[in-house]
Amino acid sequence: MNRKISAITITAIIFYTGVIVVWHVYSPERNIGIQNPGADNRPPETARKASDVRIGEFFMRYEEATSQLTGKWTRFRGEASSNIIHTPNTISPGQDDYPVLWGVETGEGHAATVIYNGFVYFLDYDEGLSSDMLRCFSLETGREQWRRWYRVPMKRNHGFSRTVPVISGDYIITLGPQGHLMCCHPVTGDLLWGKDMQNEYKTEVPFWYTGQCPRVDDGLLVIAPAGEEVLLAGVNCLTGETAWQTPNTIQFKMSHSSVMQMTLLGKKTYVYAGVGGVCGISAEKEDRGTLLWNVSKWQPSVIAPSPLQLSASNIFLVAGYGAGGASLKIDRQGNKWTASITEQYKASEGLSSEQQTPILYHNMIITVIPKDGGSMRGKLVAYSPADLHNPIWSSGADERFGLGPYLVINDHVFVFKDDGELYIYEINAKSMHLKKKQRIMDGVDAWGSMAYADGRLIVRDANNVKCLKIN
């Protein structure tokens with residue numbers, strides 16, 4: 001019996017040893033060659049680099065609602081770029097809280113909304129998909145209608161998206177954090193065209209990503225690439241074709257500020273505060289895109305607010321991070337233009353702003369003083385254009401708003417504190433009176449500008465968009 005077991009064991013050992021030896025030494029193919037790319041018959045263009053951005057390549061529709069609403073908030077600071085709304089609807093703060101009609105969660109950012117005929121649009125960023133997204137919602141229900149997006153990997157830097165789209169009945173145009181322009185149809189979401197400003201204009205995107213909001217004039221998108229060769233450009237809104245360009249002979253770089261259109265000494269002018277100075281460029285058809293004037297004395301390293309026109313020849317400039325405020329005067333002798341900084345001061349010495357563009361209303365400049373503004377820091381204030389150093393009114397000691405936005409609706413100032421609390425002040429002659437405050441959300445970094453249409457106010461913080469019924 002023992003001899004039998006021993007023979008079986010020895011046979012098994014020999015067999016399995018042989019299997020192992022053969023497994024190690026046998027090769028099924030000795031003539032191995034290097035396979036060339038494409039030899040695996042993989043479909044073309046499926047291998048992608050992170051830098052290979054295909055603007056607007058993805059789309060999803062969720063609903064297809066209709067609306068009878070006709071209100072519009074078409075761009076940054078509204079149709080007139082003033083952040084002032086005149087509406088026949090009665091604005092009465094009252095004692096009761098405004099109802100919050102709906103809310104949606106967003107990726108981290110500060111990009112504010114536009115409103116058009118019952119629909120709300122804003123640019124978002126989805127970290128899971130590493131994608132810029134244009135999202136469309138019903139103004140009445142808050143239900144998402146569609147979204148169009150494209151992959152553009154990047155790291156969070158105090159949020160992602162920051163810009164307000166521009167919209168009409170034929171297009172909606174967004175400018176993404178890395179300088180990607182995307183134009184879609186506002187109803188269908190169809191992609192019309194896209195541009196990469198870094199590739200096309202050699203734009204240097206600012207450290208905290210793109211903050212410039214696109215604007216449209218006479219059917220042309222007006223943008224400030226501030227690239228190696230092009231300072232400003234006009235682009236056909238429907239086709240994406242370039243209509244005009246301003247050479248960047250003054251070598252400005254892109255700031256977070258947006259191009260503003262003004263009529264200065266009888267001439268329509270695009271005014272841009274870039275990194276390097278302030279410039280004026282003709283907006284008239286006969287010489288559109290011509291550089292008229294520039295000044296380099298005002299050169300903050302970071303500029304978020306846009307220039308504010310005070311008169312036919314005077315512009316007010318503000319910036320944060322210690323820059324304060326400045327006055328710019330324009331002169332004209334025939335076709336010769338000059339510009340000069342007539343006054344410049346620190347934030348603790350007068351009217352200033354770090355994030356939001358001030359509002360000129362009834363001969364008062366309304367703003368929130370930045371954190372380096374001394375005892376006035378964070379307060380809502382009003383100054384006379386004739387005296388930029390002594391406020392004619394300021395909010396109470398416990399009414400401070402950080403970097404939150406503000407707008408005027410029918411003689412009322414709506415201020416959204418950057419922690420998510422809404423304040424409403426009634427504007428009187430050279431003063432304001434607090435009428436109401438309401439906690440809307442336990443907000444974080446509520447810096448995005450507000451939008452209004454059809455009795456509804458849209459507010460947002462870094463992670464949420466909410467709609468209030470205010471009249």
# chains A, B, ... in the order shown; residues from 1 in each chain; ligands from 1

$ residues_around --residues "A:Asn157" --least-positions-apart "6" --cutoff "10 Å" --atoms "only C-alpha atoms" --output "list in words"
Glu108, Gly109, Phe207, Trp208 and Tyr209 of chain A

$ closest_residue --among "A:Gly71, A:Gly118, A:Gly455, A:Gly350" --to "A:Val187" --atoms "only C-alpha atoms"
A:Gly118

$ atom_distance --atom1 "atom CA of A:Leu192" --atom2 "atom CA of A:Thr246"
24.5 Å

$ closest_residue --among "A:Tyr62, A:Tyr98, A:Trp244, A:Phe119" --to "A:Asp454" --atoms "only C-alpha atoms"
A:Phe119

$ residues_around --residues "A:Tyr321" --least-positions-apart "4" --cutoff "9 Å" --atoms "only C-alpha atoms" --output "list in words"
Pro300, Ser301, Val302, Ile303, Glu354, Pro370, Lys371 and Asp372 of chain A

$ write_last_selection --atoms "N, CA and C atoms" --output "PDB file, in the first residue's frame"
ATOM      1  N   PRO A 300      -3.723  98.874 -11.823  1.00  0.00           N
ATOM      2  CA  PRO A 300      -3.847  97.858 -10.769  1.00  0.00           C
ATOM      3  C   PRO A 300      -3.465  96.480 -11.303  1.00  0.00           C
ATOM      4  N   SER A 301      -2.928  95.640 -10.444  1.00  0.00           N
ATOM      5  CA  SER A 301      -2.551  94.302 -10.872  1.00  0.00           C
ATOM      6  C   SER A 301      -3.762  93.395 -11.055  1.00  0.00           C
ATOM      7  N   VAL A 302      -4.867  93.687 -10.335  1.00  0.00           N
ATOM      8  CA  VAL A 302      -6.108  92.924 -10.441  1.00  0.00           C
ATOM      9  C   VAL A 302      -7.260  93.908 -10.586  1.00  0.00           C
ATOM     10  N   ILE A 303      -8.075  93.746 -11.630  1.00  0.00           N
ATOM     11  CA  ILE A 303      -9.227  94.630 -11.859  1.00  0.00           C
ATOM     12  C   ILE A 303     -10.451  93.776 -12.121  1.00  0.00           C
ATOM     13  N   GLU A 354     -14.130  96.585  -4.737  1.00  0.00           N
ATOM     14  CA  GLU A 354     -13.199  95.519  -5.095  1.00  0.00           C
ATOM     15  C   GLU A 354     -13.767  94.573  -6.141  1.00  0.00           C
ATOM     16  N   PRO A 370     -14.533  98.263  -0.131  1.00  0.00           N
ATOM     17  CA  PRO A 370     -13.766  97.024   0.050  1.00  0.00           C
ATOM     18  C   PRO A 370     -13.171  96.883   1.442  1.00  0.00           C
ATOM     19  N   LYS A 371     -12.590  95.722   1.698  1.00  0.00           N
ATOM     20  CA  LYS A 371     -12.095  95.389   3.042  1.00  0.00           C
ATOM     21  C   LYS A 371     -10.938  96.266   3.496  1.00  0.00           C
ATOM     22  N   ASP A 372     -10.243  96.917   2.558  1.00  0.00           N
ATOM     23  CA  ASP A 372      -9.160  97.824   2.948  1.00  0.00           C
ATOM     24  C   ASP A 372      -9.628  99.272   2.993  1.00  0.00           C
TER      25      ASP A 372
END

$ residues_around --residues "A:Leu434" --least-positions-apart "2" --cutoff "9 Å" --atoms "only C-alpha atoms" --output "VMD selection string"
chain A and resid 395 423 to 426 432 436 to 437

$ write_last_selection --atoms "N, CA and C atoms" --output "tab-separated table (two decimals), in the first residue's frame"
chain	number	residue	atom	x	y	z
A	395	SER	N	-24.50	102.77	5.21
A	395	SER	CA	-25.33	101.85	5.99
A	395	SER	C	-24.83	101.76	7.42
A	423	TYR	N	-30.88	92.45	1.59
A	423	TYR	CA	-31.29	93.71	2.20
A	423	TYR	C	-31.93	94.57	1.13
A	424	ILE	N	-33.01	95.30	1.51
A	424	ILE	CA	-33.66	96.23	0.58
A	424	ILE	C	-33.73	97.59	1.23
A	425	TYR	N	-33.19	98.60	0.52
A	425	TYR	CA	-33.19	99.99	0.99
A	425	TYR	C	-34.04	100.83	0.05
A	426	GLU	N	-34.83	101.72	0.63
A	426	GLU	CA	-35.57	102.70	-0.16
A	426	GLU	C	-34.67	103.91	-0.36
A	432	MET	N	-30.66	106.70	2.13
A	432	MET	CA	-31.40	105.46	1.94
A	432	MET	C	-31.93	104.98	3.29
A	436	LYS	N	-36.16	96.23	4.61
A	436	LYS	CA	-36.38	94.80	4.78
A	436	LYS	C	-35.05	94.06	4.68
A	437	LYS	N	-34.94	92.97	5.44
A	437	LYS	CA	-33.85	92.04	5.22
A	437	LYS	C	-34.38	90.63	5.40

$ residues_around --residues "A:Val413" --least-positions-apart "6" --cutoff "12 Å" --atoms "only C-alpha atoms" --output "PyMOL selection string"
chain A and resi 83-85+91-93+359-361+366-368+380-382+395+405-407+422-428+431-437+450

$ closest_residue --among "A:Gly378, A:Pro214, A:Pro153, A:Gly402" --to "A:Arg75" --atoms "only C-alpha atoms"
A:Pro214

$ closest_residue --among "A:Asp190, A:Thr263, A:Val205, A:Lys469" --to "A:Glu140" --atoms "only C-alpha atoms"
A:Lys469

$ closest_residue --among "A:Met260, A:Val408, A:Leu468, A:Ile55" --to "A:Leu175" --atoms "only C-alpha atoms"
A:Ile55

$ select_by_dssp --residues "stretch 65-100 of chain A" --states "strand (DSSP E)" --output "list in words"
Lys72, Trp73, Ile84, Ile85 and Val100 of chain A

$ write_last_selection --atoms "C-alpha atoms" --output "mmCIF file, in the first residue's frame"
data_model
loop_
_atom_site.group_PDB
_atom_site.id
_atom_site.type_symbol
_atom_site.label_atom_id
_atom_site.label_comp_id
_atom_site.auth_asym_id
_atom_site.auth_seq_id
_atom_site.Cartn_x
_atom_site.Cartn_y
_atom_site.Cartn_z
ATOM 1 C CA LYS A 72 -35.515 89.947 -20.258
ATOM 2 C CA TRP A 73 -32.175 90.366 -18.518
ATOM 3 C CA ILE A 84 -30.912 99.791 -12.888
ATOM 4 C CA ILE A 85 -34.411 98.430 -13.559
ATOM 5 C CA VAL A 100 -38.342 81.326 -2.820
#

$ atom_distance --atom1 "atom CA of A:Lys268" --atom2 "atom CA of A:Gln245"
16.5 Å

$ residues_around --residues "stretch 275-278 of chain A" --least-positions-apart "6" --cutoff "6 Å" --atoms "only C-alpha atoms" --output "VMD selection string"
chain A and resid 252 to 253 255 294 to 296 298 to 299

$ residues_around --residues "A:Ala224" --least-positions-apart "6" --cutoff "10 Å" --atoms "only C-alpha atoms" --output "list in words"
Met197, Tyr201, Thr203, Gln212, Cys213, Pro214, Val230, Leu231, Leu232, Ala233, Gly234, Gln245, Thr246, Phe252, Lys253, Met254, Ser255, Ser257, Ser258, Val259, Tyr272, Ala273 and Gly274 of chain A

$ write_last_selection --atoms "C-alpha atoms" --output "PDB file, in the first residue's frame"
ATOM      1  CA  MET A 197      -9.245  82.701 -27.224  1.00  0.00           C
ATOM      2  CA  TYR A 201      -5.575  85.364 -29.920  1.00  0.00           C
ATOM      3  CA  THR A 203      -4.748  85.431 -24.706  1.00  0.00           C
ATOM      4  CA  GLN A 212     -14.858  89.336 -18.542  1.00  0.00           C
ATOM      5  CA  CYS A 213     -18.529  89.221 -19.543  1.00  0.00           C
ATOM      6  CA  PRO A 214     -19.251  89.291 -23.308  1.00  0.00           C
ATOM      7  CA  VAL A 230      -5.372  91.679 -30.802  1.00  0.00           C
ATOM      8  CA  LEU A 231      -6.669  94.039 -28.103  1.00  0.00           C
ATOM      9  CA  LEU A 232     -10.408  94.092 -28.936  1.00  0.00           C
ATOM     10  CA  ALA A 233     -12.384  92.228 -31.573  1.00  0.00           C
ATOM     11  CA  GLY A 234     -15.858  92.248 -33.092  1.00  0.00           C
ATOM     12  CA  GLN A 245      -9.906  93.773 -34.769  1.00  0.00           C
ATOM     13  CA  THR A 246      -7.948  96.353 -32.809  1.00  0.00           C
ATOM     14  CA  PHE A 252      -2.536  95.365 -22.449  1.00  0.00           C
ATOM     15  CA  LYS A 253      -3.336  91.970 -20.944  1.00  0.00           C
ATOM     16  CA  MET A 254      -6.750  90.561 -20.068  1.00  0.00           C
ATOM     17  CA  SER A 255      -8.242  91.645 -16.742  1.00  0.00           C
ATOM     18  CA  SER A 257     -13.139  93.724 -16.058  1.00  0.00           C
ATOM     19  CA  SER A 258     -15.682  93.841 -18.899  1.00  0.00           C
ATOM     20  CA  VAL A 259     -15.848  96.113 -21.936  1.00  0.00           C
ATOM     21  CA  TYR A 272     -11.778  98.697 -21.414  1.00  0.00           C
ATOM     22  CA  ALA A 273      -9.713  98.592 -18.220  1.00  0.00           C
ATOM     23  CA  GLY A 274      -7.067  95.968 -18.877  1.00  0.00           C
TER      24      GLY A 274
END

$ closest_residue --among "A:Asn89, A:Gln95, A:Thr357, A:Thr74" --to "A:Val114" --atoms "only C-alpha atoms"
A:Thr74

$ atom_distance --atom1 "atom CA of A:Ala429" --atom2 "atom CA of A:Phe414"
17.2 Å
